[in-house]
Each structure stands twice: as C-alpha cells, then as structure tokens.
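One structure below.
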Amino acid sequence: MVDAVLFEFLHTEMVAELWAHDSDPDPGPGGQKTSLLVLEGMGFRVGQALGERLPREMLAFREELDVLKFLCKDLWGAVFQKQMDSLRTNHQGTYVLQDSSFPLLVRMGSGLQYLEEAPKFLAFTCGLLRGTLSTLGIKSLVTASVAALPACKFQVVIQRP
C-alpha cells in the first residue's frame, strides 16, 4: 500500500515538474510534446529495468499473446497492485489493454478539463509497457486513450521486422 502511494506521488511530481517548464503564457505544442517524450522515455527505461530483473524462466514465452497476458497480470500487478481488466487482440499484432480504474487517473476529477490533462499521466506507462516488451524482444508502438476517467486503454501495435 505504501509503495503504491509513493509511486503515485513520484509520478505526479514528475508530471508537475515537466509541465512547470511549460508554464510560459504561450509554450506552443513543441514544449508539451517534449515533456510527453521525456515521460515516455523515463517509463521506457523503467520498463527495460523491470524486464531485466525478471527470472529467466519467466522469459520463455512461446507467443506474443503470452507476453501480453504476462503484462496484464504480472507486470500490472507488480506496478499497480491490480490486474488489467481486459485484453483484446485482432490476432494480427494489435492488442488493446483496458483498465477501468487506472490508478494514476483515479484521483483526478471528472470533467472535460481533466480529460484533456489525462495524456500527461499516461505517457510514463506507455513507455513502461514498451520498455518491458523491448527487453522481452518485441518492438512495439504503445499509445493510450481516455474516453471517461478513470478508465483508459493502451493500444500495443507489434512492429514486425
């Protein structure tokens, strides 16, 4: 419990610090995009580190779907103390992971103004997923979307060589 609160606080402070530099009256879209890339990059490195710490026997996945199931159950459980709510696939390299109560969005209020702020709080997790997949030998593109708080969807598109 304490770990979850500390992680949420750290994450909130990272977002706040990156956006504090964009507090100019007219920061332009470039500043926000850079902040999102920095958060995603931090998440990527954390995801790589988590993937490197996994026991080797856990890395013997036979199929991509097994890897994504691992992310939804084990990785999500280790990071957020809960499992992902749903995993869907088109069996052609696109996966949609849905969390109906994403911990980093739960404390946000509801309303359109908060919905517009949600991408800031999802960039780190997109990087986390992409970094873990990278360590497991899977190149991917991870994006997130929010239709209603605190639910969100992460779309993972596997990049084929």
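How things are named: the first chain in the structure tokens is A, the next is B, and so on; residues count from 1 in each chain; ligands count from 1 in the order shown.
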Among chain A, which residues does DSSP mark as strand (DSSP E) when it is run on the backbone? Keep the chain and numbering as in the structure and answer as a compact mmCIF listing (two decimals) with C-alpha atoms, in the first residue's frame.
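Written out: result_9.txt:
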# COMPACT_ATOMS: atom_id res chain seq x y z
CA SER A 86 -9.28 -6.69 -20.27
CA LEU A 87 -7.03 -7.74 -23.13
CA ARG A 88 -8.25 -7.86 -26.72
CA THR A 89 -6.44 -8.65 -29.93
CA THR A 94 -2.58 -5.22 -32.38
CA TYR A 95 -3.58 -5.55 -28.73
CA VAL A 96 -5.84 -3.36 -26.62
CA LEU A 97 -5.31 -3.42 -22.87
CA GLN A 98 -8.10 -1.82 -20.88
CA ASP A 99 -8.04 -0.69 -17.26
CA SER A 140 6.20 -2.13 -30.36
CA LEU A 141 4.37 1.15 -30.50
CA VAL A 142 2.23 1.89 -27.44
CA THR A 143 -0.41 4.61 -27.31
CA ALA A 144 -3.06 5.42 -24.73
CA SER A 145 -6.52 6.91 -24.87
CA CYS A 152 -8.10 4.11 -20.11
CA LYS A 153 -6.99 1.91 -22.98
CA PHE A 154 -3.45 1.14 -24.06
CA GLN A 155 -3.05 0.07 -27.67
CA VAL A 156 0.03 -2.04 -28.38
CA VAL A 157 0.99 -2.48 -32.02
CA ILE A 158 3.74 -5.01 -32.58
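Put simply, atom CA of Leu65 of chain A is 26.5 Å away from atom CA of Leu105 of chain A.
Rounded to one decimal, atom CA of Gly77 of chain A and atom CA of Thr34 of chain A lie 29.3 Å from each other.
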**Message:** Which residues are close to His11 of chain A, i.e. within 12 Å by only C-alpha atoms, leaving aside same-chain residues fewer than 6 positions away? Reply as a list in words.
**Reply:** Ala4, Val5, Glu17, Leu18, Leu39, Glu40, Met42, Gly43, Pro103, Leu104, Leu105, Lys120, Phe121, Leu122, Ala123, Phe124 and Thr125 of chain A
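Of the residues under consideration (A:Gln92, A:Gln48, A:Ser35, A:Ser101), A:Gln48 shows the shortest atom-to-atom contact distance to Leu128 of chain A when counting only C-alpha atoms.
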**Long-range neighbours of Val46 of chain A as a PyMOL selection string, 12 Å cut-off, only C-alpha atoms, 6 positions minimum in chain** = chain A and resi 39-40+52-53+75+79+124-135
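Secondary structure from DSSP on the backbone puts alpha helix (DSSP H) at the following positions of segment 48-107 of chain A: Gln48, Ala49, Leu50, Gly51, Glu52, Glu64, Leu65, Asp66, Val67, Leu68, Lys69, Phe70, Trp76, Gly77, Ala78, Val79, Phe80, Pro103, Leu104, Leu105 and Val106 of chain A.
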